[in-house]
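K.L.:
Quick one, structure-v1.cif (mmCIF, C-alpha atoms and all ligand atoms):
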```cif
data_coords
#
loop_
_atom_site.label_atom_id
_atom_site.label_comp_id
_atom_site.auth_asym_id
_atom_site.auth_seq_id
_atom_site.Cartn_x
_atom_site.Cartn_y
_atom_site.Cartn_z
CA MET A 1 0.00 0.00 0.00
CA SER A 2 1.36 3.45 -0.86
CA ASP A 3 1.27 6.44 1.45
CA PHE A 4 -1.02 8.11 -1.05
CA LEU A 5 -4.09 5.89 -0.66
CA ARG A 6 -6.98 7.70 0.99
CA PRO A 7 -7.33 6.63 4.65
CA ALA A 8 -10.93 5.54 4.06
CA LEU A 9 -9.75 3.05 1.44
CA GLN A 10 -6.85 1.65 3.43
CA ALA A 11 -9.24 -0.59 5.37
CA LEU A 12 -10.83 -2.11 2.24
CA GLU A 13 -10.79 -5.86 1.93
CA PRO A 14 -11.49 -6.49 -1.75
CA TYR A 15 -13.84 -9.27 -2.82
CA ILE A 16 -11.97 -12.51 -3.45
CA PRO A 17 -13.38 -14.20 -6.57
CA GLY A 18 -13.29 -17.98 -6.88
CA GLU A 19 -10.07 -19.40 -8.28
CA GLN A 20 -9.76 -18.82 -12.03
CA PRO A 21 -6.89 -21.02 -13.25
CA GLN A 22 -6.23 -19.96 -16.81
CA THR A 23 -5.07 -23.43 -17.87
CA LYS A 24 -7.56 -26.16 -18.71
CA GLY A 25 -6.38 -28.73 -16.15
CA TYR A 26 -9.31 -28.57 -13.71
CA ILE A 27 -12.93 -29.61 -13.72
CA LYS A 28 -14.18 -26.20 -12.74
CA LEU A 29 -17.22 -26.28 -10.47
CA ASN A 30 -16.32 -23.26 -8.36
CA THR A 31 -17.75 -20.07 -9.87
CA ASN A 32 -21.24 -21.03 -11.06
CA GLU A 33 -20.44 -20.50 -14.72
CA SER A 34 -22.41 -22.37 -17.35
CA PRO A 35 -20.60 -25.48 -18.63
CA PHE A 36 -22.15 -24.80 -22.05
CA PRO A 37 -20.78 -22.40 -24.69
CA PRO A 38 -22.73 -19.27 -25.64
CA SER A 39 -25.64 -19.66 -28.07
CA PRO A 40 -24.48 -20.48 -31.64
CA LYS A 41 -26.20 -17.23 -32.64
CA VAL A 42 -23.75 -15.34 -30.44
CA LEU A 43 -20.84 -17.05 -32.19
CA ASP A 44 -22.28 -16.15 -35.61
CA ALA A 45 -22.80 -12.51 -34.65
CA LEU A 46 -19.23 -11.87 -33.50
CA ASP A 47 -17.62 -11.96 -36.91
CA ARG A 48 -14.64 -10.16 -38.50
CA GLU A 49 -16.79 -7.26 -39.51
CA GLN A 50 -17.87 -6.61 -35.93
CA VAL A 51 -14.33 -6.96 -34.60
CA SER A 52 -13.10 -4.57 -37.29
CA GLN A 53 -15.35 -1.86 -35.82
CA LEU A 54 -13.62 -1.87 -32.47
CA ASN A 55 -11.96 1.40 -33.42
CA LEU A 56 -15.35 3.00 -32.74
CA TYR A 57 -16.92 3.52 -29.33
CA SER A 58 -19.95 1.46 -28.37
CA ASP A 59 -23.44 2.97 -28.20
CA PRO A 60 -23.48 4.92 -24.90
CA THR A 61 -27.26 4.54 -24.60
CA ASN A 62 -26.95 0.72 -24.57
CA MET A 63 -30.31 0.89 -26.34
CA PRO A 64 -30.02 -2.15 -28.66
CA LEU A 65 -29.42 -4.44 -25.69
CA LYS A 66 -32.04 -2.72 -23.55
CA ARG A 67 -34.53 -3.24 -26.37
CA ALA A 68 -33.77 -6.98 -26.61
CA ILE A 69 -34.16 -7.41 -22.84
CA ALA A 70 -37.33 -5.32 -22.69
CA GLU A 71 -38.87 -7.33 -25.53
CA TYR A 72 -38.06 -10.61 -23.84
CA TYR A 73 -39.80 -9.60 -20.61
CA GLY A 74 -42.59 -7.52 -22.15
CA LEU A 75 -41.36 -4.36 -20.40
CA LYS A 76 -40.61 -0.84 -21.63
CA ARG A 77 -37.02 -0.03 -22.61
CA GLU A 78 -37.13 2.65 -19.93
CA GLN A 79 -37.51 -0.12 -17.36
CA VAL A 80 -34.18 -1.73 -18.23
CA PHE A 81 -30.64 -0.86 -17.16
CA VAL A 82 -27.55 -2.71 -18.36
CA GLY A 83 -24.19 -3.03 -16.68
CA ASN A 84 -20.75 -4.54 -17.08
CA GLY A 85 -21.70 -7.71 -15.22
CA SER A 86 -24.33 -7.60 -12.50
CA ASP A 87 -21.47 -6.70 -10.15
CA GLU A 88 -21.42 -3.29 -11.81
CA VAL A 89 -25.21 -3.01 -11.57
CA LEU A 90 -24.95 -3.82 -7.86
CA ALA A 91 -22.16 -1.27 -7.40
CA PHE A 92 -24.22 1.47 -9.09
CA SER A 93 -27.20 0.48 -6.95
CA PHE A 94 -25.26 0.78 -3.70
CA LEU A 95 -23.95 4.13 -4.88
CA ALA A 96 -27.41 5.33 -5.87
CA PHE A 97 -29.51 4.11 -2.97
CA ALA A 98 -27.33 3.99 0.16
CA ASP A 99 -24.64 6.03 1.92
CA GLU A 100 -23.40 6.90 5.41
CA GLU A 101 -26.84 8.10 6.49
CA HIS A 102 -28.80 5.50 4.53
CA PRO A 103 -27.82 1.97 5.61
CA ALA A 104 -28.53 -1.25 3.75
CA THR A 105 -30.02 -4.35 5.34
CA MET A 106 -28.86 -7.74 4.05
CA PRO A 107 -28.57 -11.34 5.22
CA GLU A 108 -25.48 -12.16 7.26
CA ILE A 109 -24.81 -14.99 4.82
CA SER A 110 -25.24 -13.98 1.19
CA TYR A 111 -23.22 -12.90 -1.83
CA GLY A 112 -19.84 -11.87 -0.43
CA PHE A 113 -19.61 -8.77 -2.61
CA TYR A 114 -22.46 -6.91 -0.83
CA PRO A 115 -20.41 -6.07 2.31
CA VAL A 116 -17.46 -5.11 0.09
CA PHE A 117 -19.58 -2.59 -1.83
CA ALA A 118 -20.95 -1.34 1.48
CA LYS A 119 -17.44 -0.65 2.74
CA LEU A 120 -16.27 0.94 -0.51
CA PHE A 121 -19.23 3.32 -0.59
CA GLN A 122 -19.23 3.91 3.18
CA VAL A 123 -22.65 2.37 3.64
CA LYS A 124 -23.47 0.98 7.07
CA PRO A 125 -24.56 -2.63 6.57
CA HIS A 126 -27.22 -4.14 8.85
CA PHE A 127 -26.67 -7.88 8.84
CA ILE A 128 -29.59 -10.15 9.69
CA PRO A 129 -28.60 -13.72 10.61
CA LEU A 130 -30.22 -16.52 8.63
CA ASN A 131 -32.29 -19.18 10.40
CA ASP A 132 -30.39 -22.31 11.51
CA ASP A 133 -31.52 -24.12 8.35
CA PHE A 134 -30.06 -21.26 6.23
CA THR A 135 -33.49 -19.94 5.23
CA VAL A 136 -34.08 -16.17 5.22
CA PRO A 137 -36.09 -14.96 8.26
CA VAL A 138 -38.64 -13.08 6.18
CA GLU A 139 -40.33 -11.19 9.03
CA LYS A 140 -37.02 -9.68 10.09
CA PHE A 141 -36.69 -8.05 6.67
CA CYS A 142 -40.14 -6.46 6.87
CA GLY A 143 -40.40 -2.75 7.63
CA VAL A 144 -36.68 -2.37 8.35
CA GLY A 145 -36.56 1.31 7.38
CA THR A 146 -33.47 1.00 5.18
CA THR A 147 -32.53 -0.10 1.68
CA VAL A 148 -32.77 -3.90 1.48
CA VAL A 149 -30.44 -6.15 -0.51
CA LEU A 150 -31.40 -9.80 -0.94
CA ALA A 151 -30.27 -12.52 -3.32
CA ASN A 152 -33.10 -14.80 -4.42
CA PRO A 153 -32.16 -17.65 -4.63
CA ASN A 154 -29.59 -16.84 -1.99
CA ALA A 155 -25.88 -17.61 -2.37
CA PRO A 156 -24.14 -19.76 -1.34
CA THR A 157 -27.11 -21.50 0.30
CA ALA A 158 -29.02 -22.03 -3.01
CA ILE A 159 -32.35 -21.60 -1.18
CA GLY A 160 -35.13 -19.61 -2.88
CA LEU A 161 -37.78 -17.36 -1.37
CA SER A 162 -41.39 -17.59 -2.56
CA LEU A 163 -42.94 -14.70 -4.46
CA GLU A 164 -45.31 -14.25 -1.54
CA ASP A 165 -42.40 -13.76 0.88
CA VAL A 166 -40.62 -11.37 -1.48
CA GLU A 167 -43.83 -9.35 -1.75
CA LYS A 168 -44.08 -9.15 2.05
CA ILE A 169 -40.61 -7.63 2.13
CA VAL A 170 -41.15 -5.26 -0.80
CA SER A 171 -44.59 -4.07 0.37
CA SER A 172 -43.48 -3.49 3.96
CA ASN A 173 -40.53 -1.33 2.84
CA ARG A 174 -42.29 0.99 0.39
CA GLU A 175 -40.23 3.97 1.54
CA HIS A 176 -36.99 2.25 0.54
CA VAL A 177 -35.46 0.43 -2.39
CA VAL A 178 -35.65 -3.35 -2.14
CA LEU A 179 -33.03 -4.87 -4.41
CA ILE A 180 -33.65 -8.50 -5.32
CA ASP A 181 -30.57 -10.05 -6.93
CA GLU A 182 -31.95 -12.76 -9.20
CA ALA A 183 -28.60 -14.01 -10.53
CA TYR A 184 -29.78 -17.63 -10.13
CA VAL A 185 -33.53 -17.30 -10.57
CA ASP A 186 -33.68 -19.07 -13.96
CA PHE A 187 -32.89 -22.41 -12.34
CA ASP A 188 -36.28 -22.82 -10.60
CA GLY A 189 -36.44 -19.68 -8.46
CA GLU A 190 -39.55 -17.51 -8.26
CA THR A 191 -38.98 -14.15 -9.92
CA ALA A 192 -40.27 -10.88 -8.49
CA LEU A 193 -41.15 -9.66 -12.03
CA PRO A 194 -44.93 -9.81 -11.45
CA LEU A 195 -44.47 -7.26 -8.64
CA LEU A 196 -42.85 -4.59 -10.83
CA LYS A 197 -46.15 -3.01 -11.86
CA GLU A 198 -47.23 -2.38 -8.32
CA TYR A 199 -44.00 -1.49 -6.49
CA PRO A 200 -41.86 1.44 -7.65
CA ASN A 201 -39.36 0.60 -4.88
CA LEU A 202 -38.53 -2.84 -6.36
CA LEU A 203 -35.21 -3.24 -8.18
CA ILE A 204 -34.53 -6.63 -9.79
CA VAL A 205 -30.91 -7.36 -10.73
CA ARG A 206 -30.03 -10.12 -13.20
CA THR A 207 -26.98 -11.46 -14.99
CA PHE A 208 -25.99 -13.03 -18.32
CA SER A 209 -23.21 -14.94 -16.52
CA LYS A 210 -25.16 -18.02 -15.46
CA SER A 211 -28.26 -18.97 -17.46
CA ARG A 212 -27.19 -17.07 -20.60
CA ASN A 213 -23.72 -18.68 -20.75
CA LEU A 214 -21.83 -15.36 -20.99
CA ALA A 215 -19.80 -14.91 -17.80
CA GLY A 216 -16.79 -13.75 -19.81
CA ALA A 217 -18.78 -11.10 -21.70
CA ARG A 218 -19.55 -9.26 -18.41
CA LEU A 219 -23.19 -8.38 -18.79
CA GLY A 220 -25.81 -7.77 -16.14
CA TYR A 221 -29.06 -5.83 -16.04
CA ALA A 222 -31.67 -4.35 -13.78
CA LEU A 223 -35.45 -4.30 -14.23
CA ALA A 224 -37.50 -1.73 -12.33
CA GLY A 225 -39.87 1.20 -12.64
CA GLU A 226 -38.70 4.05 -14.86
CA ALA A 227 -37.72 6.31 -11.96
CA LEU A 228 -35.26 3.84 -10.40
CA ILE A 229 -33.77 3.09 -13.82
CA ASN A 230 -33.32 6.83 -14.37
CA ASP A 231 -31.45 7.04 -11.07
CA LEU A 232 -29.09 4.27 -12.15
CA GLU A 233 -28.56 5.96 -15.52
CA ARG A 234 -27.63 9.15 -13.71
CA VAL A 235 -24.90 7.27 -11.81
CA ARG A 236 -23.70 5.38 -14.90
CA GLY A 237 -23.51 8.57 -16.96
CA SER A 238 -21.40 10.13 -14.22
CA PHE A 239 -19.04 7.19 -14.07
CA HIS A 240 -18.78 5.18 -17.29
CA PRO A 241 -21.11 5.95 -20.20
CA TYR A 242 -19.49 3.30 -22.44
CA ASN A 243 -19.82 0.54 -19.87
CA ILE A 244 -20.86 -2.13 -22.40
CA ASN A 245 -18.32 -2.90 -25.12
CA ARG A 246 -19.44 -3.43 -28.73
CA LEU A 247 -18.88 -7.20 -28.80
CA SER A 248 -20.61 -7.90 -25.50
CA MET A 249 -23.55 -5.78 -26.58
CA LEU A 250 -24.02 -7.98 -29.66
CA ALA A 251 -23.48 -11.16 -27.66
CA GLY A 252 -26.11 -10.11 -25.13
CA ILE A 253 -28.68 -9.32 -27.80
CA GLU A 254 -28.28 -12.70 -29.50
CA ALA A 255 -28.28 -14.59 -26.18
CA MET A 256 -31.51 -12.86 -25.15
CA LYS A 257 -33.20 -13.68 -28.45
CA ASP A 258 -32.24 -17.36 -28.51
CA SER A 259 -34.83 -18.59 -26.04
CA ASP A 260 -34.69 -22.19 -27.31
CA TYR A 261 -31.00 -22.53 -26.52
CA PHE A 262 -31.53 -20.81 -23.18
CA ALA A 263 -34.32 -23.25 -22.28
CA ARG A 264 -32.28 -26.29 -23.36
CA CYS A 265 -29.21 -25.34 -21.31
CA ARG A 266 -31.34 -24.47 -18.32
CA ARG A 267 -33.15 -27.82 -18.47
CA GLN A 268 -29.85 -29.69 -18.63
CA ILE A 269 -28.55 -27.91 -15.55
CA VAL A 270 -31.70 -28.61 -13.54
CA LEU A 271 -31.57 -32.27 -14.58
CA GLN A 272 -27.89 -32.62 -13.62
CA ARG A 273 -28.59 -30.86 -10.34
CA THR A 274 -31.36 -33.32 -9.44
CA GLU A 275 -29.25 -36.34 -10.35
CA THR A 276 -26.16 -35.08 -8.52
CA ALA A 277 -28.16 -34.20 -5.41
CA GLU A 278 -29.67 -37.69 -5.30
CA GLU A 279 -26.25 -39.32 -5.58
CA LEU A 280 -24.75 -37.12 -2.89
CA GLU A 281 -27.63 -37.88 -0.53
CA LYS A 282 -27.01 -41.59 -1.03
CA LEU A 283 -23.39 -40.98 -0.02
CA GLY A 284 -24.47 -39.34 3.24
CA PHE A 285 -24.15 -35.68 2.29
CA GLN A 286 -26.51 -33.06 3.72
CA LEU A 287 -27.88 -30.63 1.16
CA THR A 288 -30.07 -27.57 1.16
CA ARG A 289 -32.91 -27.51 -1.37
CA SER A 290 -31.36 -25.84 -4.40
CA SER A 291 -33.17 -23.50 -6.77
CA ALA A 292 -29.87 -22.43 -8.35
CA ASN A 293 -27.17 -23.80 -10.66
CA PHE A 294 -25.17 -25.03 -7.68
CA LEU A 295 -25.50 -27.25 -4.65
CA PHE A 296 -24.58 -26.27 -1.11
CA VAL A 297 -23.40 -29.50 0.50
CA LYS A 298 -22.03 -30.82 3.78
CA PRO A 299 -19.91 -33.92 3.30
CA PRO A 300 -19.94 -36.79 5.77
CA LEU A 301 -16.71 -37.67 7.65
CA LEU A 302 -14.70 -34.58 6.71
CA SER A 303 -14.94 -30.81 6.96
CA GLY A 304 -15.73 -28.58 4.02
CA GLY A 305 -12.13 -27.40 3.92
CA GLU A 306 -10.69 -30.93 3.80
CA TYR A 307 -13.17 -32.02 1.15
CA TYR A 308 -12.36 -28.96 -0.97
CA GLN A 309 -8.62 -29.64 -0.65
CA ARG A 310 -8.89 -33.33 -1.54
CA LEU A 311 -11.11 -32.59 -4.52
CA LYS A 312 -8.60 -30.01 -5.71
CA GLU A 313 -5.77 -32.54 -5.47
CA LYS A 314 -7.86 -34.78 -7.72
CA GLY A 315 -8.41 -32.00 -10.27
CA VAL A 316 -11.88 -30.80 -9.25
CA LEU A 317 -12.37 -27.23 -8.09
CA VAL A 318 -15.34 -26.35 -5.86
CA ARG A 319 -15.87 -23.27 -3.67
CA TYR A 320 -15.06 -23.30 0.02
CA PHE A 321 -15.87 -20.42 2.37
CA ASP A 322 -13.64 -20.28 5.41
CA SER A 323 -16.08 -18.64 7.81
CA PRO A 324 -17.52 -20.05 11.05
CA LYS A 325 -21.04 -20.79 9.76
CA LEU A 326 -19.99 -22.14 6.35
CA ARG A 327 -16.92 -24.18 7.24
CA GLU A 328 -18.64 -27.56 7.11
CA TYR A 329 -19.97 -26.94 3.61
CA VAL A 330 -18.78 -26.43 0.07
CA ARG A 331 -20.59 -24.98 -2.94
CA VAL A 332 -20.57 -27.11 -6.07
CA SER A 333 -21.53 -25.54 -9.39
CA ILE A 334 -23.54 -27.78 -11.71
CA GLY A 335 -21.46 -28.70 -14.72
CA SER A 336 -22.01 -30.95 -17.71
CA LYS A 337 -23.06 -34.59 -17.34
CA GLU A 338 -19.44 -35.71 -17.73
CA GLN A 339 -18.12 -33.14 -15.26
CA MET A 340 -20.65 -34.25 -12.65
CA ARG A 341 -19.79 -37.89 -13.29
CA GLN A 342 -16.13 -37.08 -12.62
CA PHE A 343 -17.02 -35.05 -9.55
CA LEU A 344 -19.02 -37.96 -8.09
CA LEU A 345 -16.28 -40.42 -8.95
CA LYS A 346 -13.66 -38.36 -7.13
CA THR A 347 -16.03 -37.84 -4.22
CA ARG A 348 -16.53 -41.60 -3.82
CA GLU A 349 -12.75 -42.09 -3.93
CA ILE A 350 -12.29 -39.47 -1.20
CA LEU A 351 -14.90 -41.06 1.07
CA LEU A 352 -13.23 -44.47 0.62
CA GLU A 353 -9.82 -42.99 1.44
CA VAL A 354 -11.17 -41.30 4.56
CA ARG A 355 -12.88 -44.48 5.74
CA SER A 356 -9.83 -46.71 5.30
N1 LIG B 1 -25.02 -11.84 -7.65
C1 LIG B 1 -24.78 -13.04 -7.14
C2 LIG B 1 -25.70 -13.56 -6.08
C3 LIG B 1 -23.69 -13.80 -7.58
O1 LIG B 1 -23.43 -14.99 -7.05
C4 LIG B 1 -22.87 -13.29 -8.62
C5 LIG B 1 -21.74 -14.10 -9.20
N2 LIG B 1 -20.64 -14.28 -8.45
C6 LIG B 1 -23.13 -12.01 -9.09
C7 LIG B 1 -24.23 -11.32 -8.61
C8 LIG B 1 -22.25 -11.32 -10.10
O2 LIG B 1 -22.32 -11.88 -11.34
P1 LIG B 1 -21.80 -11.11 -12.63
O3 LIG B 1 -21.03 -9.89 -12.20
O4 LIG B 1 -20.96 -12.11 -13.33
O5 LIG B 1 -23.02 -10.75 -13.40
#
```
Could you render the structure as structure tokens?

P.N.:
Amino acid sequence: MSDFLRPALQALEPYIPGEQPQTKGYIKLNTNESPFPPSPKVLDALDREQVSQLNLYSDPTNMPLKRAIAEYYGLKREQVFVGNGSDEVLAFSFLAFADEEHPATMPEISYGFYPVFAKLFQVKPHFIPLNDDFTVPVEKFCGVGTTVVLANPNAPTAIGLSLEDVEKIVSSNREHVVLIDEAYVDFDGETALPLLKEYPNLLIVRTFSKSRNLAGARLGYALAGEALINDLERVRGSFHPYNINRLSMLAGIEAMKDSDYFARCRRQIVLQRTETAEELEKLGFQLTRSSANFLFVKPPLLSGGEYYQRLKEKGVLVRYFDSPKLREYVRVSIGSKEQMRQFLLKTREILLEVRS
């Protein structure tokens, strides 16, 4: 650290992303990416001609992508915001709707980036502990008198909230923004979309990284009433008007339009999730009920940390969180059929080794 860094930033502890080995050696089940390539339509769209236009800036209105998203959901373009990954959408949302005098309430266990944004933007976080079974204590989020940030389904627990529960939270906090991060909702979660008409305080955040197979393109979006979207545009325009590059913009449009491919990939993931969960249960694992593209699992006989380490030695990467309430668990992204077969094979080997 230099002597020049502002004192307020010296205490930052940046978010630590899951390991991203840039060689192909591992079966990578640690960052909830899709195991499937982008839609073939995305590949077709990113041709030489498009690359040859990289000397020109992208469209600072992001309108072509907003239009594709709005059409898909039957919303107005003015109800859509797009960002450089949903991480950027979340960052702009923290900046727009919370500060030193306006705290944000969030679950104690959730996406690890929320507290990092809070610290960066000097927002006081109010952490609400989850129930012992990792479910969200809905009543404790009602009428909290602050901005609310919730992932649904939650991460890394994989557990979804019902639309009815989300509505309780949104309707009891009408004076504040309720941000519902639906990064994983396409894998059986219940979306808050039907509530948009009635609640101008609802902000839904989504990503192309999981169900649209585009983690590397860095695309996320928000859906909300026009006023909240205007607020986010005000922040974006004061920070980074060209936040979506030309190639990602095209990729996002094609991915949004190809609903058949989206549905096929999604179905595969849900199928693999069900099969993997059944196998793990037979092996004595404890699992939460997943509505996401990952499983949150507690292995028998060994701690989460040991299981993670042994899997890594055998070439399988999963995500381990070294914190008191998560230590016994690991998070396993759902990969392809072959990747999950390998994962189960290595898991059985590990259990045999531990038993002998
Ligand atoms: N929200 C949640 C709950 C996540 O788990 C992630 C992925 N790590 C993100 C948002 C960010 O995803 P991205 O920036 O790739 O859109």

K.L.:
Within 6 Å of stretch 55-70 of chain A, which residues of stretch 186-298 of chain A show up? Give each one with its shortest atom-to-atom distance in Å (one decimal) and the two atoms involved, counting all atoms listed in the file, rows by chain then rising residue number, as JSON lines.

P.N.:
```
{"residue": "A:Pro241", "atom": "CA", "partner": "A:Pro60", "partner_atom": "CA", "distance": 5.4}
{"residue": "A:Tyr242", "atom": "CA", "partner": "A:Pro60", "partner_atom": "CA", "distance": 5.0}
{"residue": "A:Asn245", "atom": "CA", "partner": "A:Ser58", "partner_atom": "CA", "distance": 5.7}
{"residue": "A:Arg246", "atom": "CA", "partner": "A:Ser58", "partner_atom": "CA", "distance": 4.9}
{"residue": "A:Ile253", "atom": "CA", "partner": "A:Leu65", "partner_atom": "CA", "distance": 5.4}
```

K.L.:
Suppose we keep C-alpha atoms; can you now write the selection as a compact mmCIF listing (two decimals), in the frame of the given file?

P.N.:
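Output (out-v2.txt):
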```
# COMPACT_ATOMS: atom_id res chain seq x y z
CA PRO A 241 -21.11 5.95 -20.20
CA TYR A 242 -19.49 3.30 -22.44
CA ASN A 245 -18.32 -2.90 -25.12
CA ARG A 246 -19.44 -3.43 -28.73
CA ILE A 253 -28.68 -9.32 -27.80
```

K.L.:
Place a sphere of radius 12 Å on (-45.3, -15.9, -3.1) in the file coordinates and name every protein, DNA or RNA residue with an atom inside or on its surface, counting all atoms listed in the file; give the answer as a ChimeraX atom specification.

P.N.:
/A:138,160-170,189-195

K.L.:
Which residues come within 10 Å of A:Lys325, counting only C-alpha atoms, excluding same-chain residues fewer than 3 positions away, as a ChimeraX atom specification?

P.N.:
/A:109,132,134,321-322,328-329

K.L.:
Please indicate the distance in Å from atom CA of A:Arg218 to atom O5 of ligand LIG 1 (chain B), rounded to one decimal place.

P.N.:
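Straight-line distance from atom CA of A:Arg218 to atom O5 of ligand LIG 1 (chain B) works out to 6.3 Å.
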
K.L.:
List as a PyMOL selection string: which residues have an atom within 8 Å of (-25.8, -14.1, -19.5), counting only C-alpha atoms?

P.N.:
chain A and resi 207-215+217-220+252+255

K.L.:
Using all atoms listed in the file for the distances, tell me which of A:Gln272, A:Thr146, A:Asn152, A:Gln342 is nearest to A:Arg206.

P.N.:
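For A:Arg206, the nearest of the candidates is A:Asn152.
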
K.L.:
Please identify the residues whose atoms come within 9 Å of ligand LIG 1 (chain B), using all atoms listed in the file, and report them as a tab-separated table (two decimals) with C-alpha atoms, in the coordinates of the input.

P.N.:
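Final file, part_21.tsv:
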```tsv
chain	number	residue	atom	x	y	z
A	17	PRO	CA	-13.38	-14.20	-6.57
A	18	GLY	CA	-13.29	-17.98	-6.88
A	31	THR	CA	-17.75	-20.07	-9.87
A	32	ASN	CA	-21.24	-21.03	-11.06
A	33	GLU	CA	-20.44	-20.50	-14.72
A	83	GLY	CA	-24.19	-3.03	-16.68
A	84	ASN	CA	-20.75	-4.54	-17.08
A	85	GLY	CA	-21.70	-7.71	-15.22
A	86	SER	CA	-24.33	-7.60	-12.50
A	87	ASP	CA	-21.47	-6.70	-10.15
A	88	GLU	CA	-21.42	-3.29	-11.81
A	89	VAL	CA	-25.21	-3.01	-11.57
A	90	LEU	CA	-24.95	-3.82	-7.86
A	110	SER	CA	-25.24	-13.98	1.19
A	111	TYR	CA	-23.22	-12.90	-1.83
A	112	GLY	CA	-19.84	-11.87	-0.43
A	113	PHE	CA	-19.61	-8.77	-2.61
A	114	TYR	CA	-22.46	-6.91	-0.83
A	150	LEU	CA	-31.40	-9.80	-0.94
A	151	ALA	CA	-30.27	-12.52	-3.32
A	152	ASN	CA	-33.10	-14.80	-4.42
A	153	PRO	CA	-32.16	-17.65	-4.63
A	154	ASN	CA	-29.59	-16.84	-1.99
A	155	ALA	CA	-25.88	-17.61	-2.37
A	156	PRO	CA	-24.14	-19.76	-1.34
A	181	ASP	CA	-30.57	-10.05	-6.93
A	182	GLU	CA	-31.95	-12.76	-9.20
A	183	ALA	CA	-28.60	-14.01	-10.53
A	184	TYR	CA	-29.78	-17.63	-10.13
A	205	VAL	CA	-30.91	-7.36	-10.73
A	206	ARG	CA	-30.03	-10.12	-13.20
A	207	THR	CA	-26.98	-11.46	-14.99
A	208	PHE	CA	-25.99	-13.03	-18.32
A	209	SER	CA	-23.21	-14.94	-16.52
A	210	LYS	CA	-25.16	-18.02	-15.46
A	214	LEU	CA	-21.83	-15.36	-20.99
A	215	ALA	CA	-19.80	-14.91	-17.80
A	216	GLY	CA	-16.79	-13.75	-19.81
A	217	ALA	CA	-18.78	-11.10	-21.70
A	218	ARG	CA	-19.55	-9.26	-18.41
A	219	LEU	CA	-23.19	-8.38	-18.79
A	220	GLY	CA	-25.81	-7.77	-16.14
A	221	TYR	CA	-29.06	-5.83	-16.04
```

K.L.:
Give me, please, the distance in Å between atom CA of A:Met340 and atom CA of A:Lys257, quoted to one decimal.

P.N.:
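About the pair atom CA of A:Met340 and atom CA of A:Lys257: they are 28.8 Å apart.
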
K.L.:
Calculated over all atoms listed in the file, which of the candidates A:Ala118, A:Leu228, A:Leu203, A:Val318 has the smallest distance to A:Leu12?

P.N.:
A:Ala118

K.L.:
Of the residues A:Glu49, A:Lys119, A:Tyr26, A:Phe92, which is the one nearest to A:Ala8, using only C-alpha atoms?

P.N.:
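Among the listed residues, the smallest separation from A:Ala8 belongs to A:Lys119.
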
K.L.:
Within 12 Å of A:Ser39, counting only C-alpha atoms, which residues show up once you throw out same-chain ones fewer than 2 positions away? Write them as a PyMOL selection string, please.

P.N.:
chain A and resi 34+36-37+41-46+208+211-214+250-265

K.L.:
Could you work out how far atom CA of A:Glu233 lies from atom CA of A:Phe81, giving the answer in Å with one decimal?

P.N.:
7.3 Å

K.L.:
When you count all atoms listed in the file, which of these residues is closest to A:Glu275: A:Leu29, A:Ile334, A:Ile159, A:Val316?

P.N.:
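Among A:Leu29, A:Ile334, A:Ile159, A:Val316, it is A:Ile334 that comes nearest to A:Glu275.
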
K.L.:
Model the absent atoms of stretch 72-79 of chain A so that N, CA, C and O atoms are present, and write the result as a PDB file, in the coordinates of the input.

P.N.:
```pdb
ATOM      1  N   TYR A  72     -37.978  -9.265 -24.431  1.00  0.00           N
ATOM      2  CA  TYR A  72     -38.060 -10.610 -23.840  1.00  0.00           C
ATOM      3  C   TYR A  72     -39.022 -10.640 -22.645  1.00  0.00           C
ATOM      4  O   TYR A  72     -39.802 -11.559 -22.487  1.00  0.00           O
ATOM      5  N   TYR A  73     -38.976  -9.595 -21.829  1.00  0.00           N
ATOM      6  CA  TYR A  73     -39.800  -9.600 -20.610  1.00  0.00           C
ATOM      7  C   TYR A  73     -41.126  -8.850 -20.782  1.00  0.00           C
ATOM      8  O   TYR A  73     -41.906  -8.771 -19.828  1.00  0.00           O
ATOM      9  N   GLY A  74     -41.357  -8.286 -21.958  1.00  0.00           N
ATOM     10  CA  GLY A  74     -42.590  -7.520 -22.150  1.00  0.00           C
ATOM     11  C   GLY A  74     -42.605  -6.249 -21.316  1.00  0.00           C
ATOM     12  O   GLY A  74     -43.657  -5.839 -20.810  1.00  0.00           O
ATOM     13  N   LEU A  75     -41.443  -5.621 -21.164  1.00  0.00           N
ATOM     14  CA  LEU A  75     -41.360  -4.360 -20.400  1.00  0.00           C
ATOM     15  C   LEU A  75     -41.026  -3.220 -21.353  1.00  0.00           C
ATOM     16  O   LEU A  75     -40.709  -3.440 -22.526  1.00  0.00           O
ATOM     17  N   LYS A  76     -41.052  -1.987 -20.821  1.00  0.00           N
ATOM     18  CA  LYS A  76     -40.610  -0.840 -21.630  1.00  0.00           C
ATOM     19  C   LYS A  76     -39.094  -0.739 -21.567  1.00  0.00           C
ATOM     20  O   LYS A  76     -38.492  -1.123 -20.561  1.00  0.00           O
ATOM     21  N   ARG A  77     -38.483  -0.193 -22.615  1.00  0.00           N
ATOM     22  CA  ARG A  77     -37.020  -0.030 -22.610  1.00  0.00           C
ATOM     23  C   ARG A  77     -36.569   0.827 -21.428  1.00  0.00           C
ATOM     24  O   ARG A  77     -35.496   0.648 -20.876  1.00  0.00           O
ATOM     25  N   GLU A  78     -37.457   1.735 -21.036  1.00  0.00           N
ATOM     26  CA  GLU A  78     -37.130   2.650 -19.930  1.00  0.00           C
ATOM     27  C   GLU A  78     -37.118   1.926 -18.579  1.00  0.00           C
ATOM     28  O   GLU A  78     -36.780   2.495 -17.554  1.00  0.00           O
ATOM     29  N   GLN A  79     -37.528   0.647 -18.607  1.00  0.00           N
ATOM     30  CA  GLN A  79     -37.510  -0.120 -17.360  1.00  0.00           C
ATOM     31  C   GLN A  79     -36.292  -1.036 -17.249  1.00  0.00           C
ATOM     32  O   GLN A  79     -36.234  -1.903 -16.385  1.00  0.00           O
TER      33      GLN A  79
END
```
